[in-house]
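K.L.:
Structure provided below as structure tokens; questions to follow.
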Amino acid sequence: MSISTMDITLNNGIKMPLFGLGTWQSKPEDVKSAVRTALDTGYRLIDTAFNYQNEEAIGEVLKKYTETGKVKREDLYITTKLGNILTRPADVQYAMSESLRKLQVSYVDLFLIHIPLVLKKQADPYNILPMKDGQLDHDGAVDFEGVWKEMEKLVDEGKTKNIGISNFNVAQVERIMKVARVKPVVNQVECHAYFQQKELEAAMKKHDIVIMAYGSLGSPGSAAIITVPGESPPPVLLQDPVLGEMAKKYKKTPAQILIRNLLQRKVIVIPKSVTPSRIQENGNVFDFKISSEDMATIAGIDKDLRMFKFHIMANAPDYPFNCPV
């Protein structure tokens with residue numbers, strides 16, 4: 001197995017890489033270097049989003065690599081997401097067209113509803129996460145059914161191969177499933193050794209929906225963002241002594257143990273980095289296998305600890321984390 005050959009078959013029969021590059025918080029110039037390093041290392045899955053504001057930079061690299069023959073477009077797997085200021089039926093087509101234009105591709109492989117949240121549009125087009133009184137300025141409840149029907153049209157039109165969801169709880173997924181002609185293939189959520197999402201994973205399996213993990217390393221560089229005011233910062237997952245001992249045993253890093261653990265659970269992993277050595281290190285997880293006993297040990301350190309609570313959207317009607325799963 002290698003970075004480019006380890007994949008999973010989705011509920012529509014299409015294969016998707018199990019491992020790729022996340023680009024949240026990656027600034028345009030940094031993300032160009034990161035994507036180049038990732039592609040040179042063998043990555044083929046690149047995950048971005050309207051909200052990340054780096055699609056254009058990624059598109060420049062993708063165009064250069066495909067035009068020069070370094071990679072074939074059909075070998076790439078590009079994921080992007082619907083912006084929160086565009087999470088309404090009337091805006092889905094525009095959102096997809098903008099992402100395709102920025103990424104300089106004729107289709108993406110996966111298009112996700114980023115968060116069950118719709119925000120008010122602003123006069124300033126760059127104000128994509130508008131705030132009001134310390135909270136994101138939401139625009140009422142999301143029309144899940146209407147948005148999903150527009151997402152399905154994108155598949156019909158060949159603008160995306162697959163559609164999915166992100167940060168959806170079970171009840172919200174069930175709403176989609178009641179009207180879905182085209183099933184969501186993944187639910188991208190926070191998932192790591194301290195928050196293993198076993199209940200959500202079981203619920204998604206009923207619909208053959210795969211878990212795609214963000215925050216797989218515990219987001220060590222995001223403490224200022226994920227810490228809720230008045231609460232202590234979450235523990236640093238990479239410093240867990242169990243992972244430290246396991247890293248010594250397998251002659252790997254704690255980060256590599258965490259990534260390999262999720263891969264063996266058949267969870268899609270997209271660790272984010274802009275540091276070339278870390279991008280290469282994160283991809284060096286295909287030459288070993290964690291034993292079943294050690295997989296059980298990692299399962300035992302689960303703390304059911306959600307780090308990304310999105311407290312700045314807690315007053316939105318469809319805030320997804322008011323229920324256990």
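Residue numbering restarts at 1 for every chain of the structure tokens, chains are lettered A, B, ... in their displayed order, and ligands are numbered from 1 as they appear.
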Using DSSP on the backbone coordinates, identify the residues of region 25-235 of chain A assigned to helix (DSSP H, G or I); present them as a PyMOL selection string.
P.N.:
chain A and resi 28-41+50-52+55-67+73-75+84-86+89-103+144-156+170-179+198-205+223-226
K.L.:
Got a sec: who's within 8 Å of Val186 (chain A), counting only C-alpha atoms, leaving out chain neighbours fewer than 3 positions off, as a PyMOL selection string?
P.N.:
chain A and resi 163-166+209-212
K.L.:
Grab the residues selected above and save them as a PDB file, in the first residue's frame with C-alpha atoms.
P.N.:
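Final output, saved to result.pdb:
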```pdb
ATOM      1  CA  ILE A 163     -21.734  14.965  -2.583  1.00  0.00           C
ATOM      2  CA  GLY A 164     -21.609  14.801   1.161  1.00  0.00           C
ATOM      3  CA  ILE A 165     -21.963  16.605   4.447  1.00  0.00           C
ATOM      4  CA  SER A 166     -19.760  17.917   7.229  1.00  0.00           C
ATOM      5  CA  ILE A 209     -21.663   6.892   4.834  1.00  0.00           C
ATOM      6  CA  VAL A 210     -17.927   7.054   5.532  1.00  0.00           C
ATOM      7  CA  ILE A 211     -16.420   9.199   8.293  1.00  0.00           C
ATOM      8  CA  MET A 212     -13.842  11.713   7.038  1.00  0.00           C
TER       9      MET A 212
END
```
K.L.:
So that I can check the surroundings of Asp124 (chain A), please list as an mmCIF file with N, CA and C atoms, in the first residue's frame every protein, DNA and RNA residue that reaches within 12 Å of it, counting only C-alpha atoms and ignoring chain neighbours fewer than 5 positions away.
P.N.:
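Ended up saving to out_7.cif:
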```
data_model
loop_
_atom_site.group_PDB
_atom_site.id
_atom_site.type_symbol
_atom_site.label_atom_id
_atom_site.label_comp_id
_atom_site.auth_asym_id
_atom_site.auth_seq_id
_atom_site.Cartn_x
_atom_site.Cartn_y
_atom_site.Cartn_z
ATOM 1 N N ILE A 85 -22.187 31.434 3.814
ATOM 2 C CA ILE A 85 -23.031 32.528 3.323
ATOM 3 C C ILE A 85 -23.798 32.108 2.070
ATOM 4 N N LEU A 129 -17.635 35.298 7.035
ATOM 5 C CA LEU A 129 -18.022 34.778 8.349
ATOM 6 C C LEU A 129 -18.436 35.959 9.223
ATOM 7 N N PRO A 130 -19.558 36.615 8.868
ATOM 8 C CA PRO A 130 -19.966 37.833 9.577
ATOM 9 C C PRO A 130 -20.359 37.557 11.026
#
```
K.L.:
With distances taken over only C-alpha atoms, which residue among A:Phe310, A:Trp24, A:Phe286, A:Tyr126 lies nearest Gly42 (chain A)?
P.N.:
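Distance minimum relative to Gly42 (chain A) lands on A:Phe286.
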K.L.:
Which of these, A:Ile298, A:Leu305, A:Val228, A:Leu112, has the shortest distance to Lys183 (chain A) once you count only C-alpha atoms?
P.N.:
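Of the candidates, the smallest distance to Lys183 (chain A) is held by A:Leu112.
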K.L.:
What gap, in Å, lies between CA of Leu200 (chain A) and CA of Ala316 (chain A)?
P.N.:
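Calculated distance between CA of Leu200 (chain A) and CA of Ala316 (chain A) is 21.6 Å.
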K.L.:
Closest to Lys149 (chain A) among A:Phe308, A:Lys178, A:Asn284, A:Ser219, using only C-alpha atoms?
P.N.:
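Once distances to Lys149 (chain A) are computed over only C-alpha atoms, the minimum belongs to A:Lys178.
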K.L.:
May I have the residues within 12 Å of region 246-250 of chain A as number ranges by chain, using only C-alpha atoms and disregarding those fewer than 2 positions away in the same chain?
P.N.:
A: 238-244, 252-261, 285, 287-291, 293-295, 297-298
K.L.:
Might you pull out every residue within 9 Å of region 69-75 of chain A, with only C-alpha atoms counted and same-chain residues fewer than 6 positions away left off, and present them as a ChimeraX atom specification?
P.N.:
/A:4,39-40,44,62,105
K.L.:
Output N, CA and C atoms of each residue in that selection to a file, as a PDB file, in the first residue's frame.
P.N.:
```
ATOM      1  N   SER A   4      -0.985   6.807  -2.592  1.00  0.00           N
ATOM      2  CA  SER A   4      -1.874   6.969  -3.735  1.00  0.00           C
ATOM      3  C   SER A   4      -2.721   5.739  -4.036  1.00  0.00           C
ATOM      4  N   LEU A  39       1.768  16.669  -3.464  1.00  0.00           N
ATOM      5  CA  LEU A  39       1.679  15.957  -4.738  1.00  0.00           C
ATOM      6  C   LEU A  39       2.988  15.257  -5.073  1.00  0.00           C
ATOM      7  N   ASP A  40       4.111  15.918  -4.789  1.00  0.00           N
ATOM      8  CA  ASP A  40       5.419  15.297  -5.046  1.00  0.00           C
ATOM      9  C   ASP A  40       5.651  14.084  -4.151  1.00  0.00           C
ATOM     10  N   ARG A  44      -2.820  12.376  -3.308  1.00  0.00           N
ATOM     11  CA  ARG A  44      -3.715  12.653  -4.431  1.00  0.00           C
ATOM     12  C   ARG A  44      -5.035  13.269  -3.983  1.00  0.00           C
ATOM     13  N   LEU A  62      -2.668  22.980  -9.100  1.00  0.00           N
ATOM     14  CA  LEU A  62      -3.304  21.860  -9.796  1.00  0.00           C
ATOM     15  C   LEU A  62      -3.192  22.030 -11.310  1.00  0.00           C
ATOM     16  N   VAL A 105     -10.744  23.741 -12.547  1.00  0.00           N
ATOM     17  CA  VAL A 105     -11.094  22.381 -12.942  1.00  0.00           C
ATOM     18  C   VAL A 105     -12.519  22.383 -13.490  1.00  0.00           C
TER      19      VAL A 105
END
```
